[in-house]
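**Q** Just so it is clear, I am handing over work-v4.txt, which has compact mmCIF, C-alpha atoms.
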```txt
# COMPACT_ATOMS: atom_id res chain seq x y z
CA MET A 3 6.91 -6.69 18.88
CA THR A 4 7.75 -8.00 15.40
CA THR A 5 6.68 -11.59 14.70
CA TYR A 6 9.07 -12.91 12.08
CA ARG A 7 7.90 -15.76 9.83
CA SER A 8 9.46 -18.19 7.40
CA GLY A 9 9.06 -21.79 6.32
CA PHE A 10 9.13 -24.40 3.58
CA THR A 11 6.42 -22.70 1.50
CA LEU A 12 8.31 -19.39 1.36
CA TRP A 13 11.52 -21.25 0.51
CA GLN A 14 9.75 -22.96 -2.38
CA MET A 15 8.29 -19.68 -3.64
CA VAL A 16 11.69 -17.98 -3.57
CA ARG A 17 13.25 -20.84 -5.54
CA THR A 18 10.47 -20.65 -8.12
CA ALA A 19 10.77 -16.87 -8.38
CA ARG A 20 14.51 -17.14 -9.13
CA GLU A 21 13.68 -18.71 -12.48
CA LEU A 22 11.53 -15.72 -13.45
CA THR A 23 14.51 -13.45 -14.09
CA ALA A 24 17.61 -13.77 -16.26
CA ASP A 25 19.37 -10.79 -14.69
CA GLU A 26 22.50 -11.91 -12.87
CA ARG A 27 22.41 -9.19 -10.18
CA VAL A 28 18.82 -10.04 -9.28
CA ARG A 29 19.68 -13.74 -9.18
CA GLU A 30 22.65 -13.02 -6.92
CA ARG A 31 20.32 -11.29 -4.46
CA VAL A 32 17.90 -14.24 -4.63
CA ASP A 33 20.81 -16.63 -3.99
CA THR A 34 21.64 -14.60 -0.88
CA VAL A 35 18.07 -15.16 0.33
CA LEU A 36 18.31 -18.89 -0.32
CA HIS A 37 21.65 -19.02 1.50
CA ILE A 38 20.08 -17.36 4.56
CA MET A 39 17.12 -19.76 4.44
CA GLY A 40 19.36 -22.82 4.16
CA GLY A 41 18.05 -26.24 3.11
CA LEU A 42 15.08 -28.30 4.20
CA GLY A 43 14.18 -28.17 7.87
CA GLY A 44 15.42 -25.73 10.48
CA THR A 45 14.09 -22.20 10.88
CA TYR A 46 14.53 -21.22 7.20
CA GLY A 47 16.42 -18.09 8.23
CA LYS A 48 13.52 -16.52 10.10
CA GLY A 49 14.48 -13.03 11.28
CA ARG A 50 15.53 -9.50 10.36
CA SER A 51 18.33 -10.65 8.03
CA LEU A 52 15.85 -12.58 5.88
CA VAL A 53 13.51 -9.58 5.64
CA ASP A 54 16.40 -7.32 4.58
CA ALA A 55 17.58 -9.81 1.97
CA LEU A 56 14.09 -10.13 0.47
CA GLU A 57 13.77 -6.35 0.33
CA ASP A 58 17.16 -6.18 -1.41
CA VAL A 59 15.84 -8.49 -4.15
CA ALA A 60 12.77 -6.26 -4.55
CA GLN A 61 14.93 -3.16 -4.84
CA GLU A 62 17.29 -4.76 -7.40
CA ALA A 63 14.27 -5.83 -9.46
CA ILE A 64 12.93 -2.26 -9.37
CA LEU A 65 16.29 -0.96 -10.62
CA HIS A 66 16.05 -3.32 -13.59
CA GLY A 67 12.45 -2.38 -14.34
CA ASP A 68 10.95 -5.75 -13.33
CA PHE A 69 8.15 -4.35 -11.16
CA ALA A 70 6.15 -7.61 -11.05
CA LEU A 71 9.10 -9.48 -9.53
CA ALA A 72 9.75 -6.55 -7.18
CA GLN A 73 6.15 -6.68 -5.94
CA ARG A 74 6.45 -10.44 -5.44
CA PHE A 75 9.50 -10.07 -3.20
CA GLN A 76 7.97 -7.11 -1.37
CA ARG A 77 5.11 -9.43 -0.46
CA PHE A 78 7.60 -12.13 0.55
CA ALA A 79 9.28 -9.58 2.83
CA ALA A 80 5.93 -8.52 4.28
CA TYR A 81 5.18 -12.15 5.16
CA ALA A 82 8.64 -12.70 6.65
CA ARG A 83 8.17 -9.51 8.71
CA GLY A 84 4.83 -10.79 10.04
CA ASP A 85 2.64 -8.29 8.18
CA LEU A 86 1.02 -10.74 5.75
CA PHE A 87 -0.65 -14.14 6.16
CA LEU A 88 0.80 -17.11 4.31
CA GLU A 89 -2.61 -17.77 2.77
CA ILE A 90 -2.39 -14.40 0.97
CA LEU A 91 0.96 -15.37 -0.58
CA GLU A 92 -0.46 -18.71 -1.63
CA ASN A 93 -3.44 -17.01 -3.23
CA TYR A 94 -1.03 -14.94 -5.37
CA TYR A 95 1.69 -17.45 -6.23
CA ASP A 96 0.47 -21.02 -5.61
CA ASP A 97 -2.13 -22.20 -8.14
CA GLU A 98 -3.02 -25.36 -6.19
CA ALA A 99 -3.46 -23.44 -2.94
CA ARG A 100 -5.59 -20.84 -4.70
CA GLN A 101 -7.80 -23.57 -6.16
CA ARG A 102 -8.20 -25.11 -2.70
CA SER A 103 -9.12 -21.68 -1.32
CA GLU A 104 -11.67 -21.10 -4.07
CA GLU A 105 -13.17 -24.54 -3.45
CA HIS A 106 -13.35 -23.73 0.26
CA MET A 107 -15.19 -20.47 -0.51
CA ARG A 108 -17.58 -22.28 -2.86
CA ARG A 109 -18.40 -24.77 -0.12
CA MET A 110 -18.98 -21.96 2.36
CA ALA A 111 -21.23 -20.15 -0.14
CA ALA A 112 -23.19 -23.35 -0.79
CA MET A 113 -23.52 -24.00 2.94
CA GLY A 114 -24.74 -20.44 3.48
CA ALA A 115 -27.31 -20.77 0.69
CA ASP A 116 -28.49 -24.07 2.16
CA ARG A 117 -28.92 -22.48 5.60
CA ALA A 118 -30.80 -19.58 4.02
CA VAL A 119 -33.25 -21.96 2.35
CA ALA A 120 -33.74 -23.76 5.68
CA ALA A 121 -34.50 -20.44 7.38
CA LEU A 122 -37.03 -19.56 4.67
CA ASP A 123 -38.67 -22.97 5.05
CA VAL A 124 -39.17 -22.33 8.76
CA LEU A 125 -40.55 -18.85 8.05
CA CYS A 126 -43.03 -20.19 5.47
CA ARG A 127 -44.10 -23.02 7.80
CA ASP A 128 -44.72 -20.70 10.74
CA ARG A 129 -46.16 -17.86 8.67
CA PRO A 130 -47.76 -19.07 5.42
CA ASP A 131 -48.69 -15.48 4.51
CA ALA A 132 -45.08 -14.20 4.84
CA THR A 133 -43.98 -11.68 2.22
CA ALA A 134 -40.64 -10.82 0.64
CA ALA A 135 -40.40 -7.94 3.12
CA ASP A 136 -40.75 -10.44 5.98
CA ALA A 137 -37.93 -12.53 4.49
CA ARG A 138 -35.69 -9.46 4.26
CA ASP A 139 -36.43 -8.62 7.89
CA LEU A 140 -35.57 -12.19 8.87
CA PHE A 141 -32.15 -12.12 7.21
CA ARG A 142 -31.47 -8.60 8.39
CA GLY A 143 -32.05 -9.81 11.94
CA ILE A 144 -29.76 -12.80 11.39
CA ALA A 145 -27.02 -10.48 10.07
CA ARG A 146 -27.34 -8.15 13.05
CA SER A 147 -27.14 -11.01 15.53
CA ALA A 148 -24.16 -12.71 13.87
CA ASP A 149 -21.74 -11.07 16.33
CA TYR A 150 -23.48 -12.90 19.21
CA LEU A 151 -23.32 -16.37 17.63
CA SER A 152 -20.71 -18.91 18.72
CA LEU A 153 -19.44 -22.10 17.15
CA GLY A 154 -19.67 -24.20 20.30
CA ASP A 155 -17.30 -26.94 21.45
CA GLY A 156 -19.64 -29.72 22.58
CA GLU A 157 -21.38 -32.43 20.58
CA GLY A 158 -23.05 -30.95 17.55
CA GLY A 159 -20.74 -27.94 17.63
CA ILE A 160 -18.30 -27.02 14.87
CA GLN A 161 -14.58 -27.27 15.58
CA LEU A 162 -12.37 -24.96 13.49
CA SER A 163 -8.61 -24.94 13.30
CA THR A 164 -6.66 -21.71 13.78
CA ARG A 165 -6.06 -21.63 10.02
CA GLU A 166 -9.82 -21.80 9.30
CA VAL A 167 -10.65 -19.14 11.88
CA ARG A 168 -8.06 -16.89 10.25
CA ARG A 169 -9.71 -17.51 6.87
CA LEU A 170 -13.04 -16.40 8.29
CA GLN A 171 -11.40 -13.22 9.56
CA GLN A 172 -9.95 -12.58 6.10
CA TYR A 173 -13.35 -13.10 4.50
CA GLY A 174 -14.75 -10.54 6.91
CA HIS A 175 -12.13 -8.02 5.79
CA MET A 176 -12.86 -8.79 2.14
CA GLU A 177 -16.59 -8.29 2.74
CA ILE A 178 -15.92 -4.82 4.14
CA VAL A 179 -13.93 -3.92 1.03
CA LEU A 180 -16.46 -5.40 -1.38
CA ARG A 181 -19.25 -3.48 0.35
CA ASN A 182 -17.86 -0.28 -1.16
CA LEU A 183 -17.65 -1.53 -4.75
CA PRO A 184 -20.33 -0.62 -7.30
CA ARG A 185 -22.76 -3.46 -7.86
CA PRO A 186 -25.66 -4.14 -10.27
CA ALA A 187 -29.10 -3.27 -8.94
CA SER A 188 -30.86 -6.23 -10.56
CA ALA A 189 -30.30 -9.57 -12.25
CA GLU A 190 -30.82 -7.90 -15.62
CA ALA A 191 -28.22 -5.25 -14.79
CA ALA A 192 -25.82 -8.00 -13.74
CA ARG A 193 -26.25 -9.75 -17.11
CA MET A 194 -25.68 -6.46 -18.93
CA MET A 195 -22.54 -5.80 -16.88
CA ASN A 196 -21.28 -9.29 -17.65
CA ASP A 197 -21.78 -8.67 -21.40
CA VAL A 198 -19.86 -5.41 -21.15
CA LEU A 199 -16.94 -6.96 -19.27
CA ALA A 200 -16.72 -9.80 -21.77
CA ASP A 201 -15.63 -7.35 -24.47
CA VAL A 202 -13.83 -4.77 -22.34
CA ASP A 203 -10.28 -3.77 -23.18
CA ALA A 204 -8.07 -5.23 -20.45
CA GLY A 205 -5.65 -2.30 -20.56
CA MET A 206 -8.46 0.21 -20.19
CA LEU A 207 -9.94 -1.76 -17.29
CA ALA A 208 -6.54 -1.84 -15.57
CA GLN A 209 -6.24 1.94 -15.96
CA LEU A 210 -9.71 2.46 -14.49
CA LEU A 211 -8.92 0.20 -11.51
CA GLU A 212 -5.63 2.03 -10.95
CA LEU A 213 -7.45 5.36 -11.07
CA ARG A 214 -10.01 4.10 -8.55
CA ALA A 215 -7.22 2.89 -6.24
CA ARG A 216 -5.47 6.26 -6.46
CA GLN A 217 -8.68 8.12 -5.67
CA ALA A 218 -9.21 5.94 -2.60
CA GLY A 219 -5.59 6.42 -1.50
CA LEU A 220 -5.81 10.18 -1.85
CA ALA A 221 -9.10 10.26 0.10
CA ALA A 222 -7.49 8.22 2.91
CA LEU A 223 -4.52 10.60 3.04
CA ARG A 224 -6.83 13.63 3.17
CA THR A 225 -8.73 12.07 6.11
CA VAL A 226 -5.53 11.50 8.06
CA VAL A 227 -4.18 14.99 7.30
CA GLU A 228 -7.43 16.60 8.49
CA ASP A 229 -7.26 14.71 11.81
CA PRO A 230 -5.23 16.96 14.17
CA ASP A 231 -4.15 13.95 16.26
CA SER A 232 -2.67 11.94 13.38
CA PRO A 233 0.95 10.87 14.06
CA GLU A 234 3.70 10.71 11.44
CA SER A 235 3.30 6.93 11.27
CA ALA A 236 -0.30 7.26 10.04
CA LEU A 237 0.80 9.67 7.30
CA HIS A 238 3.60 7.29 6.31
CA THR A 239 1.15 4.40 6.06
CA CYS A 240 -1.10 6.37 3.70
CA LEU A 241 1.83 7.38 1.47
CA LYS A 242 3.57 4.00 1.30
CA ASN A 243 3.83 2.74 -2.31
CA GLN A 244 2.00 5.87 -3.50
CA GLU A 245 4.92 7.46 -5.36
CA TRP A 246 2.53 8.86 -7.99
CA ILE A 247 1.38 11.45 -5.43
CA PHE A 248 4.81 13.12 -5.59
CA GLY A 249 4.71 13.58 -9.38
CA GLY A 250 5.63 11.76 -12.56
CA ALA A 251 9.41 12.09 -12.12
CA TYR A 252 9.55 9.00 -9.87
CA VAL A 253 9.23 5.46 -11.18
CA ALA A 254 8.97 3.54 -7.91
CA GLU A 255 9.38 3.55 -4.14
CA LEU A 256 12.51 1.66 -3.15
CA ALA A 257 12.10 -1.27 -0.78
CA ARG A 258 15.19 -0.46 1.31
CA ARG A 259 14.92 2.51 3.68
CA GLN A 260 18.37 2.33 5.32
CA TYR A 261 21.60 2.87 3.33
CA THR A 262 23.91 4.01 6.11
CA PRO A 263 23.88 3.11 9.83
CA GLU A 264 22.70 6.59 10.88
CA THR A 265 19.96 7.17 8.28
CA ILE A 266 16.51 5.59 8.05
CA LEU A 267 14.57 7.27 5.26
CA ASP A 268 10.80 7.78 5.42
CA ILE A 269 10.13 7.32 1.69
CA PRO A 270 13.06 6.66 -0.71
CA LEU A 271 11.98 7.26 -4.32
CA LEU A 272 13.76 6.25 -7.53
CA ARG A 273 14.02 8.79 -10.32
CA GLY A 274 13.91 7.78 -13.96
CA ASP A 275 17.70 8.24 -14.21
CA GLY A 276 18.35 5.81 -11.34
CA SER A 277 19.15 8.46 -8.71
CA LEU A 278 17.68 8.76 -5.23
CA HIS A 279 15.09 11.23 -3.98
CA VAL A 280 14.29 11.35 -0.26
CA VAL A 281 10.88 12.27 1.11
CA GLU A 282 10.90 13.29 4.77
CA LEU A 283 7.46 13.29 6.43
CA LYS A 284 6.51 15.38 9.44
CA ARG A 285 3.22 15.97 11.24
CA ALA A 286 0.45 17.94 9.57
CA ASN A 287 -0.55 19.67 12.80
CA ILE A 288 2.27 22.24 13.14
CA LYS A 289 1.03 25.46 14.71
CA ASP A 290 4.23 27.48 14.13
CA LEU A 291 4.99 26.28 10.61
CA VAL A 292 5.23 29.93 9.52
CA ILE A 293 5.73 32.72 12.06
CA ARG A 294 5.68 36.53 11.90
CA ARG A 295 8.73 38.37 13.23
CA SER A 296 9.13 42.16 12.97
CA GLY A 297 6.46 42.25 10.29
CA HIS A 298 8.12 39.57 8.16
CA LEU A 299 7.02 35.95 7.62
CA MET A 300 9.52 33.11 8.03
CA LEU A 301 9.61 29.39 8.66
CA GLY A 302 9.26 28.27 12.27
CA ALA A 303 11.59 26.03 14.26
CA ALA A 304 9.84 22.77 13.33
CA ALA A 305 10.39 23.36 9.61
CA HIS A 306 14.06 24.31 10.13
CA ARG A 307 14.66 21.14 12.16
CA ALA A 308 13.09 19.02 9.40
CA VAL A 309 15.25 20.70 6.74
CA SER A 310 18.39 20.14 8.86
CA GLN A 311 17.49 16.48 9.19
CA ALA A 312 17.11 16.19 5.40
CA GLN A 313 20.46 17.97 4.94
CA ASN A 314 22.16 15.44 7.19
CA TYR A 315 20.61 12.58 5.19
CA LEU A 316 21.87 14.03 1.92
CA ARG A 317 25.35 14.61 3.37
CA ALA A 318 25.50 10.96 4.48
CA MET A 319 24.35 9.85 1.02
CA ASP A 320 27.10 11.93 -0.63
CA GLU A 321 29.83 10.66 1.68
CA ASN A 322 28.86 7.00 1.22
CA ARG A 323 27.99 7.13 -2.49
CA PRO A 324 30.60 4.56 -3.73
CA SER A 325 29.65 1.84 -1.21
CA ILE A 326 25.91 2.43 -1.64
CA LEU A 327 26.23 2.21 -5.42
CA VAL A 328 28.19 -1.06 -5.22
CA GLU A 329 26.08 -2.72 -2.51
CA HIS A 330 22.60 -1.50 -3.46
CA GLY A 331 22.81 -0.22 -7.04
CA VAL A 332 21.37 3.20 -6.14
CA ASP A 333 23.14 6.40 -7.17
CA THR A 334 23.05 8.80 -4.21
CA ARG A 335 25.42 11.43 -5.59
CA ARG A 336 23.65 14.80 -5.37
CA ALA A 337 20.45 13.14 -4.21
CA SER A 338 17.55 15.49 -3.61
CA ALA A 339 14.85 15.69 -0.96
CA THR A 340 11.32 16.89 -0.29
CA VAL A 341 10.13 17.76 3.23
CA VAL A 342 6.36 17.47 3.65
CA ILE A 343 5.27 19.29 6.79
CA GLY A 344 2.28 21.19 8.13
CA HIS A 345 -1.20 22.02 6.90
CA PRO A 346 -2.44 25.66 6.71
CA PRO A 347 -5.66 25.15 8.79
CA TYR A 348 -3.51 24.25 11.81
CA VAL A 349 -1.19 27.29 11.60
CA THR A 350 -1.87 29.95 14.25
CA GLY A 351 -1.02 33.65 14.39
CA GLY A 352 -3.42 34.80 11.68
CA VAL A 353 -1.20 33.52 8.85
CA THR A 354 -3.26 32.68 5.75
CA SER A 355 -2.84 29.77 3.38
CA ARG A 356 -1.66 32.15 0.65
CA GLU A 357 0.95 33.70 2.95
CA ILE A 358 2.23 30.24 3.86
CA ALA A 359 2.56 29.33 0.18
CA GLU A 360 4.42 32.58 -0.59
CA THR A 361 6.77 32.10 2.38
CA LEU A 362 7.64 28.57 1.27
CA ARG A 363 8.09 29.72 -2.34
CA THR A 364 10.58 32.34 -1.18
CA TYR A 365 12.40 29.83 1.01
CA ASN A 366 12.57 27.15 -1.70
CA ALA A 367 13.92 29.66 -4.23
CA HIS A 368 17.15 29.77 -2.17
CA GLN A 369 17.47 25.99 -1.89
CA SER A 370 19.05 23.74 -4.53
CA ARG A 371 18.48 20.19 -3.28
CA ILE A 372 15.68 20.39 -0.68
CA GLU A 373 12.10 21.53 -1.23
CA VAL A 374 9.62 22.17 1.59
CA ILE A 375 5.91 21.73 0.88
CA THR A 376 2.75 21.44 2.96
CA TYR A 377 0.24 18.62 2.88
CA GLU A 378 -2.20 21.06 1.30
CA THR A 379 0.18 21.53 -1.65
CA LEU A 380 0.72 17.78 -1.91
CA LEU A 381 -3.03 17.03 -1.85
CA ASN A 382 -3.91 19.77 -4.34
CA SER A 383 -1.21 18.69 -6.77
CA ALA A 384 -2.26 15.04 -6.59
CA SER A 385 -5.94 16.02 -7.00
CA ARG A 386 -5.10 17.91 -10.19
CA MET A 387 -3.21 14.91 -11.53
CA LEU A 388 -6.22 12.67 -10.86
CA ALA A 389 -8.57 15.19 -12.46
CA LEU A 390 -6.46 15.15 -15.64
CA SER A 391 -6.38 11.34 -15.61
CA SER A 392 -10.16 11.18 -15.15
CA ALA A 393 -10.66 13.63 -18.02
CA ARG A 394 -8.57 11.45 -20.32
CA GLN A 395 -10.54 8.36 -19.28
CA ASP A 396 -13.86 10.11 -19.89
CA ALA A 397 -12.88 11.44 -23.33
CA ASP A 398 -14.61 9.64 -26.22
CA PRO A 399 -11.83 7.96 -28.29
CA ASP A 400 -14.07 8.04 -31.36
CA GLU A 401 -14.86 11.73 -31.08
CA GLU A 402 -13.18 13.84 -33.72
CA PRO A 403 -11.09 16.74 -32.39
CA ALA A 404 -12.58 20.18 -32.73
CA ALA A 405 -11.46 22.12 -35.78
```
Just give me the structure as structure tokens.

**A**
Amino acid sequence: MTTYRSGFTLWQMVRTARELTADERVRERVDTVLHIMGGLGGTYGKGRSLVDALEDVAQEAILHGDFALAQRFQRFAAYARGDLFLEILENYYDDEARQRSEEHMRRMAAMGADRAVAALDVLCRDRPDATAADARDLFRGIARSADYLSLGDGEGGIQLSTREVRRLQQYGHMEIVLRNLPRPASAEAARMMNDVLADVDAGMLAQLLELRARQAGLAALRTVVEDPDSPESALHTCLKNQEWIFGGAYVAELARRQYTPETILDIPLLRGDGSLHVVELKRANIKDLVIRRSGHLMLGAAAHRAVSQAQNYLRAMDENRPSILVEHGVDTRRASATVVIGHPPYVTGGVTSREIAETLRTYNAHQSRIEVITYETLLNSASRMLALSSARQDADPDEEPAA
């Protein structure tokens, strides 16, 4: 069940964000959001209509190339839909709230350090000959028993509000993420890393972080594809906002997924010329993706059903092109589509990966607007793109080209 959210803080953030753009169409969409939210008090428009209106602002911003504003309103929509905590929005867009959060974390860190010193004092008192190894064992034991500790509700216990408990949960999630980041092995290494970062080129650092994020996203997708029980929803989650995986022809994933009453698109992508490209996702575990009949290979029923579904989407886009262009600013005339379905290891009947690729190549050669690919093709293509990006990052900019 969806838990819709809204409130004064979101209303304030939307009003502030309106001043960040001079484009009249974007401002009109923001004004629609403010109209739905109303004035002070009330429910601030909490519900599906508010989420749709926020996503419309994000999409309009994408169409005008303002990706920072689009991301802001996508986060607003995620909060209004119940997928994001308010504290996360405040951390991004409220300087005072972020400062309060940082102060809260500093206090927690100081309190933790103080408790650590107290624990060491007890260890040294009880065991004067304790070594550094003993101290490590002590804290390792504390860490392993943390799941069994409670805050208590009697005298001497610590009472936490729901907001503070939620913060602790968020810190736990952050700790899991940070655990996987590279870290210096010593204080000297930390000082060296700090000196390097002080002079690092911000653009280069941003590219490296983006490359790292793409590598992690591709690894997550590969894990889901290789799990035979993965549903379509898990594949969609891995591919959301990962338009780079589908190639350099697409500039962004559109926020709105529904343009006509009968069509809900899996992944709507925006081409550089402002036209729509539809990505239809199906399961990776399709046993009859390619079948052998009378000695010939052909697509199985599941693939034909997916292509028919994509054809119906494109027909609806063509028939409703004028209204979609006026209402949403997206050109759907002669929109194209990609169907991603199946993975060769799951295909039965002794059909090889090469035969699957050749069958799809033959099929696609007779199609003009719809292409069918497997997850293997998608993963391999994206891996090659990342390999090229990594090679460019690793190249020495001062190295002279070979004669």

**Q** I'd like the neighbourhood of region 253-264 of chain A as a ChimeraX atom specification, where a residue qualifies if any of its atoms comes within 6 Å (using all atoms listed in the file), though same-chain residues fewer than 3 positions away should be ignored.

**A** /A:57,61,243,267,270-274

**Q** Could you state the separation of CA of Asp96 (chain A) and CA of Thr34 (chain A) in Å, given to one decimal place?

**A**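 Between these atoms lies a distance of 22.6 Å.
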
**Q** Just to confirm, what's the straight-line distance from CA of Glu282 (chain A) to CA of His298 (chain A) in Å (one decimal)?

**A**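 Result for CA of Glu282 (chain A) versus CA of His298 (chain A): 26.6 Å, one decimal.
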
**Q** Just checking: using all atoms listed in the file, which residue out of A:Asn93, A:Gln311, A:Thr334, A:Gln76 ends up closest to Ile266 (chain A)?

**A**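 Using all atoms listed in the file, Ile266 (chain A) sits closest to A:Gln311.
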
**Q** What is the CA of Arg20 (chain A)-CA of Tyr95 (chain A) distance in Å, reported with one decimal?

**A**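 So the two atoms, CA of Arg20 (chain A) and CA of Tyr95 (chain A), lie 13.1 Å apart.
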
**Q** Give the padded box for region 119-126 of chain A as JSON: axis-aligned, covering all atoms listed in the file, 8 Å on each side, centre and edge lengths in Å to one decimal.

**A**
```
{"center_x": -38.1, "center_y": -21.3, "center_z": 5.6, "size_x": 25.8, "size_y": 20.9, "size_z": 22.4}
```

**Q** As a short mmCIF file (atom, residue, chain, number, x, y, z; two decimals) with C-alpha atoms, in the frame of the given file, please: the residues near region 344-360 of chain A (cut-off 10 Å, all atoms listed in the file, same-chain neighbours under 4 positions excluded).

**A**
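Dumped to out_38.cif:
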```cif
data_model
loop_
_atom_site.label_atom_id
_atom_site.label_comp_id
_atom_site.auth_asym_id
_atom_site.auth_seq_id
_atom_site.Cartn_x
_atom_site.Cartn_y
_atom_site.Cartn_z
CA VAL A 227 -4.18 14.99 7.30
CA GLU A 228 -7.43 16.60 8.49
CA PRO A 230 -5.23 16.96 14.17
CA LEU A 283 7.46 13.29 6.43
CA LYS A 284 6.51 15.38 9.44
CA ARG A 285 3.22 15.97 11.24
CA ALA A 286 0.45 17.94 9.57
CA ASN A 287 -0.55 19.67 12.80
CA ILE A 288 2.27 22.24 13.14
CA LYS A 289 1.03 25.46 14.71
CA ASP A 290 4.23 27.48 14.13
CA LEU A 291 4.99 26.28 10.61
CA VAL A 292 5.23 29.93 9.52
CA ILE A 293 5.73 32.72 12.06
CA ARG A 294 5.68 36.53 11.90
CA LEU A 299 7.02 35.95 7.62
CA MET A 300 9.52 33.11 8.03
CA LEU A 301 9.61 29.39 8.66
CA ALA A 304 9.84 22.77 13.33
CA ALA A 305 10.39 23.36 9.61
CA THR A 364 10.58 32.34 -1.18
CA TYR A 365 12.40 29.83 1.01
CA ASN A 366 12.57 27.15 -1.70
CA VAL A 374 9.62 22.17 1.59
CA ILE A 375 5.91 21.73 0.88
CA THR A 376 2.75 21.44 2.96
CA TYR A 377 0.24 18.62 2.88
CA GLU A 378 -2.20 21.06 1.30
CA THR A 379 0.18 21.53 -1.65
CA LEU A 380 0.72 17.78 -1.91
#
```

**Q** I need the residue nearest Phe69 (chain A) from this list: A:Thr23, A:Pro324, A:Leu237, A:Thr225. Use all atoms listed in the file for the distance.

**A** A:Thr23

**Q** Extract, using only C-alpha atoms, all DNA, RNA and protein residues at most 12 Å from Gly40 (chain A), discarding same-chain residues fewer than 3 positions from it, and format them as a PyMOL selection string.

**A** chain A and resi 8-10+12-14+16-17+33-37+43-48+52

**Q** With distances taken over all atoms listed in the file, which residue among A:Val309, A:Ala99, A:Asp25, A:Tyr315 lies nearest Gln369 (chain A)?

**A**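 Of the candidates, the smallest distance to Gln369 (chain A) is held by A:Val309.
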
**Q** Of the candidates A:Gln101, A:Leu140, A:Leu223, A:Leu65, which one gets nearest to Asp333 (chain A) if we count all atoms listed in the file?

**A** A:Leu65

**Q** Looking at A:Val328, A:Ala19, A:Ala118, A:Leu88, which one is nearest to Arg142 (chain A), with distances taken over only C-alpha atoms?

**A**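 The answer is A:Ala118, which sits nearest to Arg142 (chain A).
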
**Q** Restricting the calculation to all atoms listed in the file: of A:Ala389, A:Ile144, A:Ala215, A:Gly331, which residue gets closest to Ala60 (chain A)?

**A** A:Gly331

**Q** Env of Ser385 (chain A): 10 Å cut, atoms = all atoms listed in the file, seq-sep filter 6 positions within chain, self excluded. Answer as a PDB file with C-alpha atoms, in the frame of the given file.

**A**
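Heads up, here's the output in part.pdb:
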```pdb
ATOM      1  CA  ARG A 216      -5.470   6.260  -6.460  1.00  0.00           C
ATOM      2  CA  GLN A 217      -8.680   8.120  -5.670  1.00  0.00           C
ATOM      3  CA  LEU A 220      -5.810  10.180  -1.850  1.00  0.00           C
ATOM      4  CA  ALA A 221      -9.100  10.260   0.100  1.00  0.00           C
ATOM      5  CA  ILE A 247       1.380  11.450  -5.430  1.00  0.00           C
ATOM      6  CA  THR A 379       0.180  21.530  -1.650  1.00  0.00           C
ATOM      7  CA  SER A 391      -6.380  11.340 -15.610  1.00  0.00           C
TER       8      SER A 391
END
```
